>>> print(open('query14.pdb').read())   # PDB, C-alpha atoms
MODEL        1
ATOM      1  CA  MET A   1      -9.129  14.011  11.151
ATOM      2  CA  SER A   2      -7.556  13.845   7.699
ATOM      3  CA  HIS A   3      -9.623  10.747   6.941
ATOM      4  CA  VAL A   4     -12.794  12.645   7.713
ATOM      5  CA  ARG A   5     -11.628  15.492   5.486
ATOM      6  CA  THR A   6     -10.826  13.120   2.643
ATOM      7  CA  ILE A   7     -14.152  11.361   2.911
ATOM      8  CA  LEU A   8     -16.075  14.629   3.003
ATOM      9  CA  SER A   9     -14.239  16.010  -0.036
ATOM     10  CA  THR A  10     -14.731  12.778  -1.882
ATOM     11  CA  VAL A  11     -18.422  12.559  -1.099
ATOM     12  CA  ALA A  12     -18.865  16.186  -2.138
ATOM     13  CA  THR A  13     -17.140  15.509  -5.459
ATOM     14  CA  GLY A  14     -19.260  12.418  -5.981
ATOM     15  CA  ILE A  15     -22.496  14.225  -5.195
ATOM     16  CA  ARG A  16     -21.549  17.072  -7.508
ATOM     17  CA  ALA A  17     -20.730  14.611 -10.264
ATOM     18  CA  GLY A  18     -24.033  12.817  -9.670
ATOM     19  CA  GLY A  19     -25.921  16.098  -9.612
ATOM     20  CA  ALA A  20     -24.461  17.094 -12.934
ATOM     21  CA  LEU A  21     -26.158  14.055 -14.435
ATOM     22  CA  GLY A  22     -29.566  15.061 -13.032
ATOM     23  CA  SER A  23     -31.648  18.164 -13.582
ATOM     24  CA  GLY A  24     -33.849  20.639 -11.733
ATOM     25  CA  PRO A  25     -34.401  19.876  -8.043
ATOM     26  CA  VAL A  26     -32.020  16.924  -8.081
ATOM     27  CA  ASP A  27     -29.233  19.078  -9.455
ATOM     28  CA  ALA A  28     -29.949  21.898  -7.001
ATOM     29  CA  ALA A  29     -30.114  19.581  -3.988
ATOM     30  CA  ALA A  30     -26.874  17.933  -5.032
ATOM     31  CA  THR A  31     -25.181  21.295  -5.393
ATOM     32  CA  VAL A  32     -26.299  22.396  -1.926
ATOM     33  CA  ALA A  33     -25.209  19.116  -0.356
ATOM     34  CA  ALA A  34     -21.866  19.208  -2.133
ATOM     35  CA  THR A  35     -21.274  22.814  -1.131
ATOM     36  CA  LEU A  36     -22.046  22.030   2.489
ATOM     37  CA  LEU A  37     -19.672  19.093   2.521
ATOM     38  CA  ASP A  38     -17.003  21.103   0.703
ATOM     39  CA  GLY A  39     -17.389  23.818   3.299
ATOM     40  CA  ILE A  40     -16.915  21.369   6.166
ATOM     41  CA  ALA A  41     -13.941  19.809   4.407
ATOM     42  CA  THR A  42     -12.422  23.247   3.883
ATOM     43  CA  LEU A  43     -12.907  24.078   7.541
ATOM     44  CA  LEU A  44     -11.021  20.907   8.348
ATOM     45  CA  GLY A  45      -8.282  22.039   5.978
ATOM     46  CA  GLY A  46      -8.054  20.731   2.410
ATOM     47  CA  ASN A  47      -4.938  20.422   0.269
ATOM     48  CA  THR A  48      -4.079  23.092  -2.266
ATOM     49  CA  ALA A  49      -2.563  22.118  -5.610
ATOM     50  CA  GLU A  50       0.817  23.247  -4.286
ATOM     51  CA  GLU A  51       0.402  21.092  -1.163
ATOM     52  CA  VAL A  52      -0.435  18.099  -3.357
ATOM     53  CA  ARG A  53       2.670  18.800  -5.460
ATOM     54  CA  GLN A  54       4.820  19.019  -2.338
ATOM     55  CA  MET A  55       3.259  15.817  -0.974
ATOM     56  CA  LEU A  56       4.138  13.971  -4.190
ATOM     57  CA  LEU A  57       7.648  15.436  -4.360
ATOM     58  CA  ALA A  58       8.281  14.331  -0.779
ATOM     59  CA  LEU A  59       7.126  10.822  -1.680
ATOM     60  CA  SER A  60       9.351  10.723  -4.767
ATOM     61  CA  ARG A  61      12.388  11.687  -2.684
ATOM     62  CA  ASP A  62      11.703   8.737  -0.382
ATOM     63  CA  PRO A  63      11.588   5.575  -2.526
ATOM     64  CA  ALA A  64       9.383   2.761  -1.261
ATOM     65  CA  ALA A  65      11.164   0.496   1.225
ATOM     66  CA  ARG A  66      12.305  -2.934  -0.003
ATOM     67  CA  ALA A  67      12.375  -5.904   2.341
ATOM     68  CA  SER A  68      15.917  -7.062   2.960
ATOM     69  CA  LEU A  69      16.765 -10.542   4.178
ATOM     70  CA  LEU A  70      20.478  -9.865   3.973
ATOM     71  CA  GLY A  71      22.403 -12.041   6.392
ATOM     72  CA  LEU A  72      19.417 -14.198   7.281
ATOM     73  CA  ARG A  73      20.829 -17.363   5.749
ATOM     74  CA  SER A  74      24.181 -16.977   7.496
ATOM     75  CA  ASP A  75      22.452 -16.248  10.830
ATOM     76  CA  VAL A  76      20.360 -19.392  10.402
ATOM     77  CA  ALA A  77      23.479 -21.409   9.582
ATOM     78  CA  GLU A  78      25.117 -20.024  12.724
ATOM     79  CA  ALA A  79      22.084 -20.910  14.874
ATOM     80  CA  LEU A  80      22.114 -24.449  13.466
ATOM     81  CA  ALA A  81      25.847 -24.766  14.158
ATOM     82  CA  ASP A  82      25.312 -23.616  17.764
ATOM     83  CA  ARG A  83      22.848 -26.415  18.494
ATOM     84  CA  ASP A  84      23.846 -29.138  20.959
ATOM     85  CA  ASP A  85      23.225 -31.767  18.299
ATOM     86  CA  ALA A  86      25.150 -29.949  15.589
ATOM     87  CA  PRO A  87      27.389 -32.287  13.613
ATOM     88  CA  THR A  88      31.023 -31.985  14.647
ATOM     89  CA  PRO A  89      33.125 -30.547  11.853
ATOM     90  CA  THR A  90      35.331 -33.232  10.393
ATOM     91  CA  ASP A  91      39.062 -32.682  10.286
ATOM     92  CA  PRO A  92      40.491 -32.331   6.782
TER      93      PRO A  92
ATOM     94  CA  MET B  93     -21.347   2.274   4.033
ATOM     95  CA  THR B  94     -17.740   1.568   3.065
ATOM     96  CA  LYS B  95     -18.839   0.182  -0.282
ATOM     97  CA  LEU B  96     -20.964   3.267  -0.877
ATOM     98  CA  LEU B  97     -18.042   5.577  -0.115
ATOM     99  CA  ALA B  98     -15.782   3.457  -2.300
ATOM    100  CA  LEU B  99     -18.287   3.743  -5.132
ATOM    101  CA  VAL B 100     -18.434   7.510  -4.669
ATOM    102  CA  LEU B 101     -14.628   7.677  -4.705
ATOM    103  CA  LEU B 102     -14.540   5.527  -7.829
ATOM    104  CA  VAL B 103     -17.028   7.767  -9.614
ATOM    105  CA  ALA B 104     -15.322  10.924  -8.388
ATOM    106  CA  VAL B 105     -11.881   9.932  -9.635
ATOM    107  CA  ALA B 106     -13.210   8.528 -12.886
ATOM    108  CA  LEU B 107     -15.181  11.665 -13.711
ATOM    109  CA  THR B 108     -12.449  14.095 -12.741
ATOM    110  CA  GLY B 109      -9.723  12.336 -14.724
ATOM    111  CA  CYS B 110      -6.405  13.688 -13.523
ATOM    112  CA  GLY B 111      -7.397  17.208 -12.554
ATOM    113  CA  ASP B 112      -6.414  18.781  -9.232
ATOM    114  CA  SER B 113      -9.065  16.843  -7.349
ATOM    115  CA  ALA B 114      -8.025  13.521  -8.872
ATOM    116  CA  LEU B 115      -4.353  14.258  -8.250
ATOM    117  CA  GLN B 116      -5.175  14.974  -4.615
ATOM    118  CA  THR B 117      -6.940  11.622  -4.378
ATOM    119  CA  HIS B 118      -4.002   9.894  -6.067
ATOM    120  CA  ALA B 119      -1.565  11.656  -3.730
ATOM    121  CA  ARG B 120      -3.509  10.375  -0.728
ATOM    122  CA  ILE B 121      -3.660   6.859  -2.135
ATOM    123  CA  ALA B 122       0.101   6.960  -2.794
ATOM    124  CA  THR B 123       0.755   8.259   0.710
ATOM    125  CA  SER B 124      -1.368   5.483   2.242
ATOM    126  CA  LEU B 125       0.437   2.835   0.172
ATOM    127  CA  HIS B 126       3.829   4.296   1.083
ATOM    128  CA  THR B 127       2.989   4.345   4.798
ATOM    129  CA  VAL B 128       1.723   0.764   5.023
ATOM    130  CA  ASN B 129       4.694  -0.408   2.949
ATOM    131  CA  THR B 130       7.262   1.224   5.234
ATOM    132  CA  THR B 131       5.738  -0.322   8.339
ATOM    133  CA  GLY B 132       4.983  -3.610   6.603
ATOM    134  CA  VAL B 133       8.583  -4.109   5.485
ATOM    135  CA  GLU B 134       9.858  -3.635   9.046
ATOM    136  CA  VAL B 135       7.297  -6.084  10.434
ATOM    137  CA  MET B 136       8.097  -8.626   7.738
ATOM    138  CA  GLU B 137      11.878  -8.465   8.203
ATOM    139  CA  VAL B 138      11.611  -8.898  11.977
ATOM    140  CA  ALA B 139       9.050 -11.708  11.682
ATOM    141  CA  CYS B 140      11.117 -13.613   9.117
ATOM    142  CA  ARG B 141      14.270 -13.375  11.201
ATOM    143  CA  GLU B 142      12.504 -14.411  14.412
ATOM    144  CA  ARG B 143      10.727 -17.357  12.769
ATOM    145  CA  ALA B 144      13.802 -18.674  11.003
ATOM    146  CA  LEU B 145      16.107 -18.398  14.037
ATOM    147  CA  SER B 146      13.470 -19.802  16.377
ATOM    148  CA  VAL B 147      13.029 -22.897  14.234
ATOM    149  CA  ALA B 148      16.776 -23.284  13.714
ATOM    150  CA  SER B 149      17.397 -23.349  17.467
ATOM    151  CA  ASP B 150      14.351 -25.424  18.413
ATOM    152  CA  GLU B 151      15.888 -28.263  20.416
ATOM    153  CA  SER B 152      12.680 -30.307  20.244
ATOM    154  CA  LEU B 153      13.554 -30.925  16.594
ATOM    155  CA  THR B 154      16.417 -33.011  15.336
ATOM    156  CA  HIS B 155      19.188 -31.142  13.570
ATOM    157  CA  ALA B 156      17.947 -32.355  10.202
ATOM    158  CA  GLU B 157      14.368 -31.335  10.978
ATOM    159  CA  ALA B 158      15.447 -27.900  12.208
ATOM    160  CA  THR B 159      17.578 -27.391   9.096
ATOM    161  CA  ALA B 160      14.703 -28.293   6.795
ATOM    162  CA  ALA B 161      12.180 -26.196   8.738
ATOM    163  CA  ALA B 162      14.451 -23.143   8.830
ATOM    164  CA  GLU B 163      15.136 -23.483   5.102
ATOM    165  CA  ALA B 164      11.383 -23.599   4.454
ATOM    166  CA  VAL B 165      10.913 -20.366   6.422
ATOM    167  CA  VAL B 166      13.742 -18.621   4.584
ATOM    168  CA  VAL B 167      12.466 -19.693   1.161
ATOM    169  CA  ARG B 168       8.967 -18.518   2.002
ATOM    170  CA  CYS B 169      10.307 -15.180   3.206
ATOM    171  CA  GLU B 170      12.442 -14.761   0.076
ATOM    172  CA  ARG B 171       9.395 -15.334  -2.118
ATOM    173  CA  ALA B 172       7.384 -12.832  -0.088
ATOM    174  CA  ALA B 173      10.225 -10.325  -0.352
ATOM    175  CA  GLY B 174      10.201 -10.791  -4.122
ATOM    176  CA  ALA B 175       6.498  -9.966  -4.216
ATOM    177  CA  GLN B 176       7.056  -6.962  -1.967
ATOM    178  CA  HIS B 177       9.830  -5.657  -4.242
ATOM    179  CA  LEU B 178       7.462  -5.773  -7.217
ATOM    180  CA  PHE B 179       4.946  -3.768  -5.206
ATOM    181  CA  ALA B 180       7.623  -1.219  -4.231
ATOM    182  CA  ASP B 181       8.737  -0.886  -7.878
ATOM    183  CA  GLY B 182       5.150  -0.265  -8.917
ATOM    184  CA  LEU B 183       4.614   2.272  -6.151
ATOM    185  CA  ASP B 184       7.748   4.207  -7.121
ATOM    186  CA  THR B 185       6.622   4.259 -10.753
ATOM    187  CA  TYR B 186       3.159   5.442  -9.718
ATOM    188  CA  VAL B 187       4.630   8.267  -7.623
ATOM    189  CA  ASP B 188       7.126   9.275 -10.338
ATOM    190  CA  GLN B 189       4.355   9.436 -12.926
ATOM    191  CA  LEU B 190       2.187  11.511 -10.579
ATOM    192  CA  VAL B 191       5.064  13.941 -10.014
ATOM    193  CA  LEU B 192       5.465  14.319 -13.790
ATOM    194  CA  GLU B 193       1.725  14.851 -14.115
ATOM    195  CA  VAL B 194       1.589  17.483 -11.380
ATOM    196  CA  SER B 195       4.594  19.218 -12.976
ATOM    197  CA  GLY B 196       2.840  19.347 -16.335
ATOM    198  CA  ASP B 197       5.205  16.833 -17.925
ATOM    199  CA  GLY B 198       2.935  13.808 -17.697
ATOM    200  CA  GLU B 199       2.962  11.165 -20.389
ATOM    201  CA  PRO B 200       0.027  11.205 -22.788
ATOM    202  CA  GLY B 201      -2.574   8.717 -21.619
ATOM    203  CA  PHE B 202      -1.346   8.589 -18.047
ATOM    204  CA  LYS B 203      -4.624  10.060 -16.839
ATOM    205  CA  ASP B 204      -6.340   6.829 -17.837
ATOM    206  CA  ARG B 205      -3.565   4.572 -16.586
ATOM    207  CA  ALA B 206      -3.239   6.261 -13.178
ATOM    208  CA  PHE B 207      -6.570   4.919 -12.102
ATOM    209  CA  SER B 208      -5.826   1.282 -12.959
ATOM    210  CA  LEU B 209      -2.265   1.598 -11.640
ATOM    211  CA  ALA B 210      -3.613   2.719  -8.258
ATOM    212  CA  PHE B 211      -6.112  -0.151  -8.195
ATOM    213  CA  ASN B 212      -3.448  -2.693  -9.124
ATOM    214  CA  LEU B 213      -1.187  -1.453  -6.322
ATOM    215  CA  ILE B 214      -4.036  -1.657  -3.826
ATOM    216  CA  GLY B 215      -4.722  -5.204  -5.021
ATOM    217  CA  MET B 216      -1.031  -6.140  -4.807
ATOM    218  CA  TRP B 217      -0.756  -4.896  -1.242
ATOM    219  CA  THR B 218      -3.959  -6.720  -0.278
ATOM    220  CA  ASP B 219      -2.531  -9.932  -1.745
ATOM    221  CA  PHE B 220       0.761  -9.370   0.069
ATOM    222  CA  VAL B 221      -1.052  -8.882   3.396
ATOM    223  CA  ALA B 222      -2.982 -12.110   2.761
ATOM    224  CA  LEU B 223       0.232 -13.952   1.869
ATOM    225  CA  MET B 224       1.899 -12.907   5.108
ATOM    226  CA  ALA B 225      -1.285 -13.616   7.100
ATOM    227  CA  SER B 226      -1.093 -17.221   5.888
ATOM    228  CA  PHE B 227       2.316 -17.160   7.550
ATOM    229  CA  ASP B 228       0.737 -15.760  10.747
ATOM    230  CA  VAL B 229       2.347 -12.372  10.214
ATOM    231  CA  ALA B 230      -0.043  -9.445  10.511
ATOM    232  CA  LEU B 231       0.933  -6.578   8.223
ATOM    233  CA  PRO B 232      -0.764  -3.177   8.313
ATOM    234  CA  ALA B 233      -3.817  -3.198   6.095
ATOM    235  CA  LEU B 234      -5.001  -0.330   3.937
ATOM    236  CA  PRO B 235      -8.149   1.523   4.970
ATOM    237  CA  SER B 236     -11.165  -0.525   3.932
ATOM    238  CA  LEU B 237     -12.251   2.418   1.784
ATOM    239  CA  LEU B 238      -9.260   1.756  -0.461
ATOM    240  CA  THR B 239      -9.330  -2.036  -0.413
ATOM    241  CA  SER B 240     -12.959  -1.934  -1.512
ATOM    242  CA  LEU B 241     -11.711  -0.373  -4.731
ATOM    243  CA  ALA B 242      -9.319  -3.181  -5.589
ATOM    244  CA  PRO B 243     -10.544  -5.359  -8.439
ATOM    245  CA  PRO B 244     -11.347  -8.986  -7.578
ATOM    246  CA  ARG B 245      -8.227 -11.159  -7.952
TER     247      ARG B 245
ENDMDL
END
>>> encode(input="query14.pdb", output="structure tokens")
Amino acid sequence: MSHVRTILSTVATGIRAGGALGSGPVDAAATVAATLLDGIATLLGGNTAEEVRQMLLALSRDPAARASLLGLRSDVAEALADRDDAPTPTDP
Amino acid sequence: MTKLLALVLLVAVALTGCGDSALQTHARIATSLHTVNTTGVEVMEVACRERALSVASDESLTHAEATAAAEAVVVRCERAAGAQHLFADGLDTYVDQLVLEVSGDGEPGFKDRAFSLAFNLIGMWTDFVALMASFDVALPALPSLLTSLAPPR
């Protein structure tokens, strides 16, 4: 649903921007189309400036995950040591 | 249709600079990037571990072959992790800058940079997905609407 809302808002903004470049009937038609799409997007629930701010603050409090391969090399070494054909450790 | 929508999005963001509407678009792009990254990291970590341990314990290989094959997997995963860390650093910077912007403390000129920063991050994630796909690991892809925006690389 949010994808639909985003697309509608975006298309409305694009049409409005395009309409602003035209004149007369083109401009009017663009305005009507953009208003209609905006209306549908609003019905679906758009984001207010405060909601956008909260969305960004929430993202900033949750730093992007970093892949961790911690322990992978030692686990691999262990798996290799557990093999039937693993070299026998030599006595010192 | 996707390309048309992408073009509309491109025009919309470019014309609105970093006003409320553009910030909303940036917030949604950042959220999408954050979501695919969180899932992608989990998938990558599990896949790397499974591949490396599977090869290391493959009894159809000699010990030397298994050692070399497992090392190759680990090295490949470490390189991929390095690329992913760069993406994560960039995403954090993007989000931090957007927070400053929405708080009215944005750096001068960020309005222009935000657009290219978003595109670069989309391109980086697309490259990362392709890198892992060459390793037969399927990471979550961004919506095609966003990937259509990424500059050719």
>>> closest_atom_pairs(input="query14.pdb", of="chain A", to="chain B", cutoff="7 Å", atoms="all atoms listed in the file", output="Markdown table")
| residue | atom | partner | partner_atom | distance |
| --- | --- | --- | --- | --- |
| A:Thr10 | CA | B:Leu101 | CA | 5.8 |
| A:Val11 | CA | B:Val100 | CA | 6.2 |
| A:Thr13 | CA | B:Ala104 | CA | 5.7 |
| A:Gly14 | CA | B:Ala104 | CA | 4.9 |
| A:Ala17 | CA | B:Ala104 | CA | 6.8 |
| A:Ala49 | CA | B:Asp112 | CA | 6.3 |
| A:Val52 | CA | B:Gln116 | CA | 5.8 |
| A:Arg53 | CA | B:Val194 | CA | 6.2 |
| A:Met55 | CA | B:Ala119 | CA | 6.9 |
| A:Leu56 | CA | B:Val191 | CA | 5.9 |
| A:Leu57 | CA | B:Val191 | CA | 6.4 |
| A:Leu59 | CA | B:Val187 | CA | 6.9 |
| A:Ser60 | CA | B:Val187 | CA | 6.0 |
| A:Pro63 | CA | B:Asp184 | CA | 6.1 |
| A:Ala64 | CA | B:Ala180 | CA | 5.3 |
| A:Ala65 | CA | B:Thr130 | CA | 5.6 |
| A:Arg66 | CA | B:His177 | CA | 5.6 |
| A:Ala67 | CA | B:Val133 | CA | 5.2 |
| A:Ser68 | CA | B:Glu137 | CA | 6.8 |
| A:Leu69 | CA | B:Glu137 | CA | 6.7 |
| A:Leu72 | CA | B:Arg141 | CA | 6.5 |
| A:Val76 | CA | B:Leu145 | CA | 5.7 |
| A:Ala79 | CA | B:Ser149 | CA | 5.9 |
| A:Leu80 | CA | B:Ala148 | CA | 5.5 |
| A:Arg83 | CA | B:Ser149 | CA | 6.3 |
| A:Asp85 | CA | B:His155 | CA | 6.2 |
| A:Ala86 | CA | B:His155 | CA | 6.4 |
>>> resolve_selection(input="query14.pdb", expression="the PyMOL selection byres ((chain B and resi 215-232) around 7)", output="number ranges by chain")
B: 128, 132, 135, 139, 179, 211-214, 233-234, 242-243
>>> atom_distance(input="query14.pdb", atom1="atom CA of B:Thr239", atom2="atom CA of A:Arg61")
25.8 Å
>>> atom_distance(input="query14.pdb", atom1="atom CA of A:Glu78", atom2="atom CA of B:Ala160")
14.6 Å
>>> atom_distance(input="query14.pdb", atom1="atom CA of B:Asp204", atom2="atom CA of B:Ser236")
23.5 Å
>>> decode(input="query14.pdb", residues="stretch 142-177 of chain B", atoms="N, CA and C atoms", output="compact mmCIF listing (two decimals), in the first residue's frame")
# COMPACT_ATOMS: atom_id res chain seq x y z
N GLU B 142 27.94 -21.07 5.81
CA GLU B 142 27.53 -22.38 5.27
C GLU B 142 28.46 -22.85 4.15
N ARG B 143 28.79 -21.93 3.24
CA ARG B 143 29.65 -22.29 2.11
C ARG B 143 31.04 -22.72 2.60
N ALA B 144 31.61 -21.91 3.47
CA ALA B 144 32.97 -22.17 3.92
C ALA B 144 33.05 -23.49 4.70
N LEU B 145 32.09 -23.72 5.60
CA LEU B 145 32.12 -24.95 6.41
C LEU B 145 31.80 -26.17 5.56
N SER B 146 30.90 -25.99 4.59
CA SER B 146 30.54 -27.11 3.71
C SER B 146 31.75 -27.57 2.91
N VAL B 147 32.48 -26.62 2.37
CA VAL B 147 33.67 -26.96 1.57
C VAL B 147 34.75 -27.57 2.47
N ALA B 148 34.91 -27.00 3.65
CA ALA B 148 35.95 -27.48 4.57
C ALA B 148 35.70 -28.92 4.99
N SER B 149 34.43 -29.32 5.08
CA SER B 149 34.16 -30.70 5.51
C SER B 149 33.76 -31.62 4.37
N ASP B 150 33.96 -31.17 3.14
CA ASP B 150 33.63 -32.00 1.98
C ASP B 150 34.66 -33.13 1.85
N GLU B 151 34.21 -34.34 2.15
CA GLU B 151 35.15 -35.48 2.16
C GLU B 151 35.49 -35.97 0.76
N SER B 152 34.80 -35.43 -0.26
CA SER B 152 35.16 -35.82 -1.63
C SER B 152 36.43 -35.09 -2.08
N LEU B 153 36.82 -34.10 -1.30
CA LEU B 153 38.06 -33.36 -1.60
C LEU B 153 39.17 -33.86 -0.69
N THR B 154 40.39 -33.72 -1.17
CA THR B 154 41.51 -34.03 -0.29
C THR B 154 41.60 -32.91 0.74
N HIS B 155 42.37 -33.14 1.77
CA HIS B 155 42.51 -32.11 2.81
C HIS B 155 43.08 -30.82 2.23
N ALA B 156 44.06 -30.98 1.35
CA ALA B 156 44.68 -29.78 0.76
C ALA B 156 43.68 -29.04 -0.12
N GLU B 157 42.89 -29.80 -0.88
CA GLU B 157 41.89 -29.16 -1.75
C GLU B 157 40.83 -28.44 -0.92
N ALA B 158 40.37 -29.11 0.14
CA ALA B 158 39.35 -28.50 1.00
C ALA B 158 39.88 -27.24 1.66
N THR B 159 41.14 -27.28 2.09
CA THR B 159 41.75 -26.11 2.73
C THR B 159 41.79 -24.93 1.76
N ALA B 160 42.24 -25.23 0.53
CA ALA B 160 42.34 -24.16 -0.47
C ALA B 160 40.96 -23.63 -0.84
N ALA B 161 40.00 -24.54 -1.01
CA ALA B 161 38.65 -24.10 -1.41
C ALA B 161 37.98 -23.28 -0.31
N ALA B 162 38.15 -23.71 0.94
CA ALA B 162 37.55 -22.96 2.05
C ALA B 162 38.19 -21.58 2.17
N GLU B 163 39.52 -21.53 1.98
CA GLU B 163 40.21 -20.24 2.05
C GLU B 163 39.69 -19.30 0.96
N ALA B 164 39.45 -19.87 -0.23
CA ALA B 164 38.93 -19.04 -1.33
C ALA B 164 37.57 -18.45 -0.98
N VAL B 165 36.72 -19.28 -0.35
CA VAL B 165 35.39 -18.79 0.06
C VAL B 165 35.53 -17.68 1.09
N VAL B 166 36.38 -17.90 2.07
CA VAL B 166 36.55 -16.90 3.15
C VAL B 166 37.07 -15.58 2.59
N VAL B 167 38.06 -15.67 1.70
CA VAL B 167 38.63 -14.44 1.12
C VAL B 167 37.56 -13.69 0.33
N ARG B 168 36.79 -14.44 -0.44
CA ARG B 168 35.74 -13.80 -1.24
C ARG B 168 34.71 -13.12 -0.33
N CYS B 169 34.37 -13.79 0.75
CA CYS B 169 33.39 -13.23 1.69
C CYS B 169 33.97 -11.99 2.38
N GLU B 170 35.26 -12.03 2.71
CA GLU B 170 35.87 -10.87 3.37
C GLU B 170 35.86 -9.65 2.45
N ARG B 171 36.12 -9.91 1.16
CA ARG B 171 36.10 -8.79 0.20
C ARG B 171 34.68 -8.23 0.08
N ALA B 172 33.71 -9.14 0.02
CA ALA B 172 32.31 -8.69 -0.08
C ALA B 172 31.91 -7.91 1.16
N ALA B 173 32.37 -8.37 2.31
CA ALA B 173 32.06 -7.67 3.56
C ALA B 173 32.67 -6.27 3.55
N GLY B 174 33.86 -6.15 2.98
CA GLY B 174 34.50 -4.84 2.88
C GLY B 174 33.66 -3.89 2.04
N ALA B 175 33.14 -4.42 0.93
CA ALA B 175 32.29 -3.59 0.06
C ALA B 175 31.00 -3.21 0.80
N GLN B 176 30.47 -4.16 1.54
CA GLN B 176 29.22 -3.90 2.27
C GLN B 176 29.44 -2.84 3.36
N HIS B 177 30.60 -2.87 4.00
CA HIS B 177 30.89 -1.88 5.04
C HIS B 177 30.96 -0.46 4.45
